[in-house]
file query_5.cif (mmCIF, C-alpha atoms)
data_query
loop_
_atom_site.group_PDB
_atom_site.id
_atom_site.type_symbol
_atom_site.label_atom_id
_atom_site.label_comp_id
_atom_site.auth_asym_id
_atom_site.auth_seq_id
_atom_site.Cartn_x
_atom_site.Cartn_y
_atom_site.Cartn_z
ATOM 1 C CA MET A 1 0.938 13.482 -9.610
ATOM 2 C CA VAL A 2 -2.601 14.862 -9.413
ATOM 3 C CA GLU A 3 -1.387 18.285 -8.369
ATOM 4 C CA ARG A 4 1.013 18.353 -11.330
ATOM 5 C CA ALA A 5 -1.830 17.382 -13.685
ATOM 6 C CA GLU A 6 -3.893 20.234 -12.246
ATOM 7 C CA HIS A 7 -0.948 22.619 -12.647
ATOM 8 C CA TYR A 8 -0.615 21.664 -16.338
ATOM 9 C CA GLY A 9 -4.359 22.191 -16.801
ATOM 10 C CA CYS A 10 -5.033 18.584 -17.816
ATOM 11 C CA LYS A 11 -8.745 17.948 -18.326
ATOM 12 C CA GLY A 12 -10.725 14.855 -19.205
ATOM 13 C CA ILE A 13 -8.042 12.385 -18.128
ATOM 14 C CA GLY A 14 -7.918 9.486 -15.715
ATOM 15 C CA PHE A 15 -5.361 7.553 -13.710
ATOM 16 C CA VAL A 16 -4.663 3.815 -13.674
ATOM 17 C CA LEU A 17 -3.267 2.689 -10.316
ATOM 18 C CA ASP A 18 -2.114 -0.580 -8.784
ATOM 19 C CA ARG A 19 -3.256 -1.895 -5.410
ATOM 20 C CA GLY A 20 -0.507 -0.033 -3.538
ATOM 21 C CA TYR A 21 -2.483 3.211 -4.003
ATOM 22 C CA PHE A 22 -5.835 1.750 -2.982
ATOM 23 C CA SER A 23 -7.574 3.534 -0.132
ATOM 24 C CA LEU A 24 -10.891 5.323 0.302
ATOM 25 C CA SER A 25 -9.050 8.571 1.023
ATOM 26 C CA ASN A 26 -7.218 8.343 -2.329
ATOM 27 C CA ILE A 27 -10.453 7.588 -4.178
ATOM 28 C CA ARG A 28 -12.131 10.589 -2.536
ATOM 29 C CA PHE A 29 -9.097 12.729 -3.440
ATOM 30 C CA TYR A 30 -9.466 11.889 -7.160
ATOM 31 C CA GLU A 31 -13.199 12.483 -7.155
ATOM 32 C CA GLU A 32 -12.925 15.856 -5.399
ATOM 33 C CA ARG A 33 -10.562 17.023 -8.153
ATOM 34 C CA GLY A 34 -12.717 15.691 -10.960
ATOM 35 C CA TYR A 35 -10.352 12.993 -12.253
ATOM 36 C CA ASP A 36 -11.407 9.491 -13.256
ATOM 37 C CA TYR A 37 -9.574 6.462 -11.945
ATOM 38 C CA ILE A 38 -9.161 2.718 -12.403
ATOM 39 C CA ILE A 39 -7.591 1.122 -9.346
ATOM 40 C CA MET A 40 -6.828 -2.440 -8.294
ATOM 41 C CA THR A 41 -8.230 -3.083 -4.828
ATOM 42 C CA LYS A 42 -6.992 -4.844 -1.716
ATOM 43 C CA GLY A 43 -9.072 -7.775 -0.551
ATOM 44 C CA ASN A 44 -9.204 -6.663 3.086
ATOM 45 C CA ALA A 45 -11.465 -3.640 2.428
ATOM 46 C CA VAL A 46 -14.972 -4.150 3.858
ATOM 47 C CA PHE A 47 -16.885 -3.152 0.727
ATOM 48 C CA ILE A 48 -14.617 -5.356 -1.417
ATOM 49 C CA ARG A 49 -15.356 -8.359 0.811
ATOM 50 C CA GLU A 50 -19.067 -7.580 0.463
ATOM 51 C CA ALA A 51 -18.793 -7.338 -3.335
ATOM 52 C CA VAL A 52 -16.866 -10.624 -3.527
ATOM 53 C CA GLU A 53 -19.426 -12.425 -1.359
ATOM 54 C CA GLU A 54 -22.191 -11.015 -3.528
ATOM 55 C CA CYS A 55 -20.583 -12.121 -6.800
ATOM 56 C CA SER A 56 -18.549 -15.237 -6.024
ATOM 57 C CA ALA A 57 -21.368 -17.759 -6.552
ATOM 58 C CA VAL A 58 -22.290 -16.235 -9.925
ATOM 59 C CA LEU A 59 -18.641 -16.025 -11.020
ATOM 60 C CA LYS A 60 -17.821 -19.633 -10.172
ATOM 61 C CA ASN A 61 -20.994 -21.179 -11.567
ATOM 62 C CA GLY A 62 -22.147 -18.873 -14.360
ATOM 63 C CA TYR A 63 -20.635 -19.207 -17.815
ATOM 64 C CA ASN A 64 -22.509 -16.125 -19.038
ATOM 65 C CA CYS A 65 -19.873 -13.883 -17.417
ATOM 66 C CA PHE A 66 -16.875 -15.571 -19.072
ATOM 67 C CA LEU A 67 -14.417 -13.089 -20.613
ATOM 68 C CA GLU A 68 -12.932 -15.011 -23.523
ATOM 69 C CA LYS A 69 -10.141 -12.517 -24.212
ATOM 70 C CA HIS A 70 -8.724 -12.850 -20.685
ATOM 71 C CA GLU A 71 -9.871 -16.444 -20.093
ATOM 72 C CA LEU A 72 -11.511 -15.694 -16.752
ATOM 73 C CA TYR A 73 -14.876 -14.653 -15.326
ATOM 74 C CA GLY A 74 -15.911 -11.083 -14.573
ATOM 75 C CA ILE A 75 -18.964 -9.213 -13.318
ATOM 76 C CA THR A 76 -19.702 -5.564 -12.500
ATOM 77 C CA ILE A 77 -21.825 -4.163 -9.670
ATOM 78 C CA GLU A 78 -22.580 -0.614 -8.533
ATOM 79 C CA LYS A 79 -21.718 0.236 -4.949
ATOM 80 C CA LYS A 80 -21.804 3.444 -2.975
ATOM 81 C CA LEU A 81 -18.482 3.826 -1.188
ATOM 82 C CA PHE A 82 -19.179 7.120 0.612
ATOM 83 C CA LEU A 83 -22.309 7.736 2.666
ATOM 84 C CA SER A 84 -21.800 11.491 2.307
ATOM 85 C CA SER A 85 -21.988 11.331 -1.495
ATOM 86 C CA ASP A 86 -24.735 10.357 -3.927
ATOM 87 C CA LYS A 87 -22.207 9.167 -6.496
ATOM 88 C CA LYS A 88 -21.827 5.422 -6.994
ATOM 89 C CA GLN A 89 -18.629 3.630 -7.930
ATOM 90 C CA TYR A 90 -18.307 0.532 -10.088
ATOM 91 C CA VAL A 91 -16.725 -2.588 -8.608
ATOM 92 C CA HIS A 92 -15.564 -5.200 -11.118
ATOM 93 C CA VAL A 93 -15.006 -8.615 -9.544
ATOM 94 C CA TYR A 94 -13.061 -11.353 -11.370
ATOM 95 C CA TYR A 95 -12.433 -15.052 -10.890
ATOM 96 C CA ASP A 96 -9.490 -16.781 -12.557
ATOM 97 C CA GLU A 97 -9.717 -20.583 -12.310
ATOM 98 C CA ARG A 98 -6.074 -21.205 -13.186
ATOM 99 C CA LYS A 99 -4.870 -18.609 -10.700
ATOM 100 C CA ALA A 100 -7.212 -20.105 -8.082
ATOM 101 C CA ALA A 101 -5.708 -23.576 -8.586
ATOM 102 C CA GLU A 102 -2.179 -22.189 -8.179
ATOM 103 C CA GLU A 103 -3.106 -20.198 -5.065
ATOM 104 C CA ILE A 104 -4.846 -23.193 -3.460
ATOM 105 C CA ILE A 105 -1.670 -25.253 -3.911
ATOM 106 C CA VAL A 106 0.324 -22.479 -2.222
ATOM 107 C CA LEU A 107 -2.295 -22.282 0.542
ATOM 108 C CA ASN A 108 -2.169 -26.042 1.162
ATOM 109 C CA LYS A 109 1.634 -25.949 1.356
ATOM 110 C CA ARG A 110 1.429 -23.067 3.793
ATOM 111 C CA PHE A 111 -0.896 -24.955 6.148
ATOM 112 C CA ALA A 112 1.132 -28.162 5.806
ATOM 113 C CA MET A 113 4.194 -26.209 6.915
ATOM 114 C CA MET A 114 2.253 -24.685 9.837
ATOM 115 C CA ASP A 115 1.144 -28.196 10.859
ATOM 116 C CA ARG A 116 4.774 -29.334 10.942
ATOM 117 C CA HIS A 117 5.795 -26.339 13.028
ATOM 118 C CA LEU A 118 2.994 -26.966 15.521
ATOM 119 C CA GLU A 119 3.896 -30.655 15.683
ATOM 120 C CA GLU A 120 7.488 -29.738 16.511
ATOM 121 C CA LYS A 121 6.329 -27.291 19.180
ATOM 122 C CA LYS A 122 4.015 -29.923 20.649
ATOM 123 C CA GLU A 123 6.897 -32.405 20.934
ATOM 124 C CA LYS A 124 8.966 -29.897 22.897
ATOM 125 C CA LYS A 125 6.297 -29.713 25.665
ATOM 126 C CA THR A 126 7.735 -26.384 26.798
ATOM 127 C CA VAL A 127 5.934 -24.007 24.433
ATOM 128 C CA ARG A 128 3.525 -21.587 26.109
ATOM 129 C CA LYS A 129 0.418 -19.812 24.835
ATOM 130 C CA GLU A 130 2.199 -16.490 24.320
ATOM 131 C CA GLU A 131 4.409 -18.050 21.638
ATOM 132 C CA LEU A 132 1.520 -19.299 19.470
ATOM 133 C CA LYS A 133 -0.609 -16.192 18.947
ATOM 134 C CA GLU A 134 0.104 -16.161 15.186
ATOM 135 C CA TYR A 135 -1.659 -19.545 14.833
ATOM 136 C CA GLU A 136 -4.853 -18.691 16.704
ATOM 137 C CA ASN A 137 -6.789 -17.372 13.683
ATOM 138 C CA TYR A 138 -6.746 -20.727 11.894
ATOM 139 C CA TYR A 139 -6.137 -23.294 14.669
ATOM 140 C CA ARG A 140 -7.845 -24.389 17.880
ATOM 141 C CA LEU A 141 -5.009 -24.721 20.356
ATOM 142 C CA ARG A 142 -5.258 -26.644 23.618
ATOM 143 C CA TYR A 143 -3.061 -26.053 26.681
ATOM 144 C CA ASP A 144 -2.600 -27.798 30.007
ATOM 145 C CA ASP A 145 -3.331 -26.198 33.371
ATOM 146 C CA ASN A 146 0.121 -24.616 33.447
ATOM 147 C CA GLY A 147 -0.327 -22.983 30.030
ATOM 148 C CA TYR A 148 1.872 -25.389 28.034
ATOM 149 C CA PHE A 149 0.904 -26.365 24.475
ATOM 150 C CA LEU A 150 -0.730 -29.827 24.168
ATOM 151 C CA SER A 151 -2.549 -30.167 20.811
ATOM 152 C CA TYR A 152 -3.965 -28.346 17.805
ATOM 153 C CA GLN A 153 -6.763 -28.620 15.265
ATOM 154 C CA ARG A 154 -7.416 -26.602 12.108
ATOM 155 C CA LYS A 155 -10.420 -24.295 11.965
ATOM 156 C CA GLU A 156 -11.770 -25.732 8.725
ATOM 157 C CA LYS A 157 -14.345 -22.966 8.204
ATOM 158 C CA GLU A 158 -11.675 -20.274 8.402
ATOM 159 C CA VAL A 159 -9.398 -22.201 6.048
ATOM 160 C CA LYS A 160 -12.282 -22.656 3.599
ATOM 161 C CA LYS A 161 -12.898 -18.910 3.613
ATOM 162 C CA LEU A 162 -9.311 -18.382 2.502
ATOM 163 C CA ALA A 163 -9.644 -21.050 -0.197
ATOM 164 C CA ASP A 164 -12.847 -19.446 -1.494
ATOM 165 C CA LYS A 165 -10.976 -16.180 -2.055
ATOM 166 C CA CYS A 166 -8.323 -17.819 -4.228
ATOM 167 C CA GLY A 167 -8.339 -16.581 -7.814
ATOM 168 C CA ILE A 168 -10.608 -13.625 -7.015
ATOM 169 C CA PHE A 169 -9.582 -9.989 -7.441
ATOM 170 C CA ALA A 170 -11.412 -6.689 -7.951
ATOM 171 C CA ILE A 171 -11.024 -3.334 -9.686
ATOM 172 C CA VAL A 172 -12.861 -0.101 -8.810
ATOM 173 C CA THR A 173 -13.614 2.494 -11.508
ATOM 174 C CA SER A 174 -15.209 5.914 -11.384
ATOM 175 C CA GLU A 175 -16.752 5.591 -14.850
ATOM 176 C CA LYS A 176 -19.377 3.078 -15.854
ATOM 177 C CA MET A 177 -17.799 0.369 -17.995
ATOM 178 C CA SER A 178 -17.906 -3.380 -18.454
ATOM 179 C CA ALA A 179 -15.711 -5.757 -16.483
ATOM 180 C CA GLU A 180 -13.788 -6.541 -19.677
ATOM 181 C CA GLU A 181 -13.142 -2.856 -20.457
ATOM 182 C CA ALA A 182 -11.882 -2.216 -16.923
ATOM 183 C CA LEU A 183 -9.492 -5.187 -17.031
ATOM 184 C CA ASP A 184 -8.296 -4.262 -20.546
ATOM 185 C CA THR A 185 -7.410 -0.751 -19.445
ATOM 186 C CA TYR A 186 -5.768 -1.866 -16.218
ATOM 187 C CA ARG A 187 -3.604 -4.485 -17.905
ATOM 188 C CA ASN A 188 -2.626 -2.060 -20.656
ATOM 189 C CA ARG A 189 -0.786 -0.015 -18.051
ATOM 190 C CA ASP A 190 1.920 -2.668 -18.233
ATOM 191 C CA VAL A 191 2.486 -1.629 -21.840
ATOM 192 C CA VAL A 192 3.730 1.790 -20.668
ATOM 193 C CA GLU A 193 6.282 0.188 -18.350
ATOM 194 C CA LYS A 194 7.437 -2.202 -21.081
ATOM 195 C CA ILE A 195 7.770 0.615 -23.606
ATOM 196 C CA PHE A 196 10.024 2.653 -21.310
ATOM 197 C CA ARG A 197 12.041 -0.502 -20.692
ATOM 198 C CA MET A 198 12.435 -0.755 -24.484
ATOM 199 C CA ASP A 199 13.716 2.832 -24.476
ATOM 200 C CA LYS A 200 16.661 1.677 -22.378
ATOM 201 C CA SER A 201 17.137 -1.754 -23.924
ATOM 202 C CA TYR A 202 16.722 -1.048 -27.646
ATOM 203 C CA LEU A 203 17.205 2.698 -28.114
ATOM 204 C CA GLY A 204 20.244 3.165 -25.898
ATOM 205 C CA ASN A 205 18.711 5.561 -23.394
ATOM 206 C CA ASP A 206 20.163 3.763 -20.402
ATOM 207 C CA VAL A 207 23.013 6.299 -20.917
ATOM 208 C CA PHE A 208 22.243 9.790 -22.297
ATOM 209 C CA ARG A 209 25.726 11.006 -23.334
ATOM 210 C CA VAL A 210 24.760 14.690 -23.574
ATOM 211 C CA HIS A 211 26.253 17.797 -21.950
ATOM 212 C CA ASP A 212 23.356 20.234 -21.576
ATOM 213 C CA ASN A 213 19.619 20.279 -20.977
ATOM 214 C CA GLU A 214 18.707 21.373 -24.498
ATOM 215 C CA LYS A 215 20.411 18.338 -26.064
ATOM 216 C CA LEU A 216 18.893 16.084 -23.411
ATOM 217 C CA GLU A 217 15.380 17.332 -24.211
ATOM 218 C CA GLY A 218 16.044 16.892 -27.936
ATOM 219 C CA LYS A 219 17.280 13.338 -27.483
ATOM 220 C CA MET A 220 14.339 12.453 -25.239
ATOM 221 C CA PHE A 221 11.880 13.867 -27.771
ATOM 222 C CA VAL A 222 13.412 11.857 -30.632
ATOM 223 C CA SER A 223 13.442 8.678 -28.512
ATOM 224 C CA PHE A 224 9.796 9.285 -27.536
ATOM 225 C CA VAL A 225 8.782 9.515 -31.201
ATOM 226 C CA ALA A 226 10.835 6.356 -31.888
ATOM 227 C CA LEU A 227 8.966 4.566 -29.095
ATOM 228 C CA VAL A 228 5.633 5.574 -30.615
ATOM 229 C CA ILE A 229 6.740 4.170 -33.987
ATOM 230 C CA ARG A 230 8.086 0.977 -32.420
ATOM 231 C CA SER A 231 4.870 0.521 -30.453
ATOM 232 C CA ALA A 232 2.813 1.024 -33.641
ATOM 233 C CA ILE A 233 4.832 -1.690 -35.395
ATOM 234 C CA GLN A 234 4.438 -4.003 -32.400
ATOM 235 C CA GLN A 235 0.656 -3.554 -32.347
ATOM 236 C CA LYS A 236 0.458 -4.345 -36.066
ATOM 237 C CA LEU A 237 2.532 -7.500 -35.555
ATOM 238 C CA LYS A 238 0.254 -8.982 -32.894
ATOM 239 C CA PRO A 239 -1.716 -11.321 -35.244
ATOM 240 C CA LEU A 240 1.543 -12.763 -36.614
ATOM 241 C CA TYR A 241 3.210 -12.811 -33.203
ATOM 242 C CA LYS A 242 0.468 -15.039 -31.803
ATOM 243 C CA LYS A 243 1.155 -17.587 -34.550
ATOM 244 C CA ASN A 244 4.929 -17.579 -34.242
ATOM 245 C CA ARG A 245 6.550 -15.692 -31.350
ATOM 246 C CA LYS A 246 10.114 -16.389 -32.401
ATOM 247 C CA GLU A 247 9.785 -15.296 -36.025
ATOM 248 C CA TYR A 248 7.595 -12.189 -35.950
ATOM 249 C CA THR A 249 9.320 -9.768 -33.590
ATOM 250 C CA VAL A 250 9.871 -6.025 -34.041
ATOM 251 C CA PRO A 251 13.631 -6.348 -34.799
ATOM 252 C CA MET A 252 12.820 -9.007 -37.412
ATOM 253 C CA ALA A 253 10.156 -6.782 -38.980
ATOM 254 C CA LEU A 254 12.597 -3.868 -39.219
ATOM 255 C CA ARG A 255 15.231 -6.093 -40.835
ATOM 256 C CA GLN A 256 12.704 -7.339 -43.379
ATOM 257 C CA HIS A 257 11.550 -3.797 -44.188
ATOM 258 C CA GLU A 258 15.139 -2.698 -44.723
ATOM 259 C CA ARG A 259 15.411 -5.268 -47.518
ATOM 260 C CA LEU A 260 12.466 -3.781 -49.368
ATOM 261 C CA GLY A 261 13.733 -1.451 -52.037
ATOM 262 C CA LEU A 262 14.186 -0.586 -55.719
ATOM 263 C CA THR A 263 17.065 -0.237 -58.104
ATOM 264 C CA LYS A 264 17.044 2.581 -60.662
ATOM 265 C CA LEU A 265 17.951 1.468 -64.206
ATOM 266 C CA SER A 266 19.596 3.557 -66.903
ATOM 267 C CA ASP A 267 16.279 4.322 -68.625
ATOM 268 C CA ASP A 268 14.855 5.901 -65.460
ATOM 269 C CA LYS A 269 12.834 2.817 -64.706
ATOM 270 C CA TYR A 270 12.767 1.039 -61.359
ATOM 271 C CA HIS A 271 12.607 -2.624 -60.549
ATOM 272 C CA LEU A 272 12.424 -4.609 -57.315
ATOM 273 C CA ARG A 273 15.798 -5.696 -56.026
ATOM 274 C CA TYR A 274 14.502 -9.005 -54.732
ATOM 275 C CA ALA A 275 11.278 -10.964 -54.969
ATOM 276 C CA LEU A 276 9.170 -10.676 -51.843
ATOM 277 C CA THR A 277 9.730 -13.452 -49.313
ATOM 278 C CA ASN A 278 6.888 -15.158 -47.477
ATOM 279 C CA LYS A 279 7.746 -13.154 -44.338
ATOM 280 C CA GLN A 280 7.669 -9.866 -46.237
ATOM 281 C CA LYS A 281 4.352 -10.802 -47.834
ATOM 282 C CA ALA A 282 2.922 -11.586 -44.382
ATOM 283 C CA LEU A 283 4.197 -8.261 -43.018
ATOM 284 C CA LEU A 284 2.666 -6.343 -45.914
ATOM 285 C CA GLU A 285 -0.587 -8.271 -45.569
ATOM 286 C CA ILE A 286 -1.197 -7.054 -41.989
ATOM 287 C CA HIS A 287 -1.145 -3.499 -43.395
ATOM 288 C CA GLY A 288 -3.648 -4.437 -46.081
ATOM 289 C CA ILE A 289 -1.077 -4.402 -48.899
ATOM 290 C CA ASN A 290 -0.714 -7.322 -51.293
ATOM 291 C CA GLU A 291 2.236 -8.044 -53.575
ATOM 292 C CA LYS A 292 0.767 -6.335 -56.657
ATOM 293 C CA GLU A 293 -0.148 -3.189 -54.726
ATOM 294 C CA TYR A 294 3.381 -3.029 -53.346
ATOM 295 C CA GLU A 295 4.881 -3.225 -56.839
ATOM 296 C CA ILE A 296 2.567 -0.483 -58.113
ATOM 297 C CA GLN A 297 3.322 1.789 -55.137
ATOM 298 C CA SER A 298 7.036 1.134 -55.509
ATOM 299 C CA LYS A 299 7.065 2.087 -59.171
ATOM 300 C CA THR A 300 4.898 5.174 -58.784
ATOM 301 C CA SER A 301 6.612 6.377 -55.583
ATOM 302 C CA PRO A 302 10.192 5.142 -55.801
ATOM 303 C CA GLY A 303 11.482 6.995 -52.715
ATOM 304 C CA THR A 304 12.895 4.251 -50.498
ATOM 305 C CA THR A 305 12.086 5.946 -47.189
ATOM 306 C CA ALA A 306 8.519 6.708 -48.210
ATOM 307 C CA ASN A 307 8.017 3.112 -49.323
ATOM 308 C CA HIS A 308 9.336 1.747 -46.037
ATOM 309 C CA CYS A 309 7.058 4.027 -44.048
ATOM 310 C CA ARG A 310 4.130 3.170 -46.286
ATOM 311 C CA CYS A 311 4.695 -0.536 -45.692
ATOM 312 C CA ILE A 312 4.843 -0.324 -41.906
ATOM 313 C CA GLY A 313 1.681 1.746 -41.774
ATOM 314 C CA LEU A 314 3.260 5.001 -40.580
ATOM 315 C CA VAL A 315 2.337 7.065 -43.630
ATOM 316 C CA GLY A 316 -1.287 7.401 -44.636
ATOM 317 C CA SER A 317 -2.387 5.626 -47.767
#
call {"tool": "encode", "arguments": {"input": "query_5.cif", "output": "structure tokens"}}
result
Amino acid sequence: MVERAEHYGCKGIGFVLDRGYFSLSNIRFYEERGYDYIIMTKGNAVFIREAVEECSAVLKNGYNCFLEKHELYGITIEKKLFLSSDKKQYVHVYYDERKAAEEIIVLNKRFAMMDRHLEEKKEKKTVRKEELKEYENYYRLRYDDNGYFLSYQRKEKEVKKLADKCGIFAIVTSEKMSAEEALDTYRNRDVVEKIFRMDKSYLGNDVFRVHDNEKLEGKMFVSFVALVIRSAIQQKLKPLYKKNRKEYTVPMALRQHERLGLTKLSDDKYHLRYALTNKQKALLEIHGINEKEYEIQSKTSPGTTANHCRCIGLVGS
């Protein structure tokens, strides 16, 4: 991907990557080629563990780092990842209380299940040390003189360390930015995946139905422009969508816009076909257009297509 970006001569861009691509070698690779990056980290990296230990107390007890938009806590620290370089990276550490509560429940169930398994193995009285290696990190296991399993006890400190990590995750960025900006950008990457899913679901591009490359490129270009328009409508609808998810969807907005129109009379005058509904008024309002302005625009610019575009914010005022 980076080599292709270099081949195309792309400058001033960055990459947003999930935790599957996280490694120091990958980070060094991006920096050597002059590309910025935002990457979700894995918790087992040494410098990530250090950052979490450094920030966890502040995150869990300090309300001054609450990110209202995401409803979690976040803090940013500078850390030098490479001894051979003077450049510092930015580690953004987050704590999500709701996620922590869910993960602790899962953790407790996991250890309850391990307790049951160990109890069953203890009852057998034939289980040897070699069969219980997977439990040694979190349990003190006792054996008899012949090496048979006798009893077990949880290592509470080790279990607590796991519990303390619940709800905590981190993002590394090459550019200086706030914890909220880093999380915004990272989570927005999901929008790209959803938009391409829309291309298949709503625009019919799960099947191309073309016979040569030229037509394929043409169809893909048209569908790409359609996705941009659909995404623009979706972004505009967000305030209404938060109030009523079932009513204010993109298909509904398109259906409502299709009903906006004029009828030409015999004396070359135009009049509205129907009075604006409450939904249509709400849709126009998010574009900064009230009912009177719509009527004036309709009568001065009676072209139906232009009016529709004007109302969904795709044509400049």
call {"tool": "closest_residue", "arguments": {"input": "query_5.cif", "among": "A:His117, A:Ile229, A:Ile286, A:Ile77", "to": "Tyr248 of chain A", "atoms": "only C-alpha atoms"}}
result
A:Ile286
call {"tool": "atom_distance", "arguments": {"input": "query_5.cif", "atom1": "atom CA of Phe47 of chain A", "atom2": "atom CA of Leu81 of chain A"}}
result
7.4 Å
call {"tool": "axis_aligned_box", "arguments": {"input": "query_5.cif", "around": "segment 154-166 of chain A", "padding_each_side": "3 Å", "output": "AutoDock Vina command-line options"}}
result
--center_x -10.9 --center_y -21.4 --center_z 3.9 --size_x 12.9 --size_y 16.4 --size_z 22.3
call {"tool": "closest_residue", "arguments": {"input": "query_5.cif", "among": "A:Glu193, A:Asp164, A:Glu295, A:Glu131", "to": "Gly261 of chain A", "atoms": "all atoms listed in the file"}}
result
A:Glu295
call {"tool": "closest_residue", "arguments": {"input": "query_5.cif", "among": "A:Val228, A:Val222, A:Val58, A:Val2", "to": "Gly34 of chain A", "atoms": "all atoms listed in the file"}}
result
A:Val2
call {"tool": "resolve_selection", "arguments": {"input": "query_5.cif", "expression": "the PyMOL selection byres ((chain A and resi 19-21) around 10)", "output": "number ranges by chain"}}
result
A: 16-18, 22-27, 39-43, 170-171
call {"tool": "resolve_selection", "arguments": {"input": "query_5.cif", "expression": "the PyMOL selection byres ((chain A and resi 74) around 12)", "output": "PyMOL selection string"}}
result
chain A and resi 52+55-73+75-77+91-97+167-171+178-184
call {"tool": "residues_near_point", "arguments": {"input": "query_5.cif", "point": "(-19.2, 6.5, 1.1)", "cutoff": "12 Å", "atoms": "all atoms listed in the file", "output": "list in words"}}
result
Leu24, Ser25, Ile27, Arg28, Glu31, Val46, Phe47, Lys79, Lys80, Leu81, Phe82, Leu83, Ser84, Ser85, Asp86, Lys87, Lys88 and Gln89 of chain A
call {"tool": "residues_near_point", "arguments": {"input": "query_5.cif", "point": "(7.1, -21.8, 27.4)", "cutoff": "12 Å", "atoms": "only C-alpha atoms", "output": "list in words"}}
result
Lys121, Lys122, Lys124, Lys125, Thr126, Val127, Arg128, Lys129, Glu130, Glu131, Leu132, Tyr143, Asp144, Asn146, Gly147, Tyr148, Phe149 and Leu150 of chain A
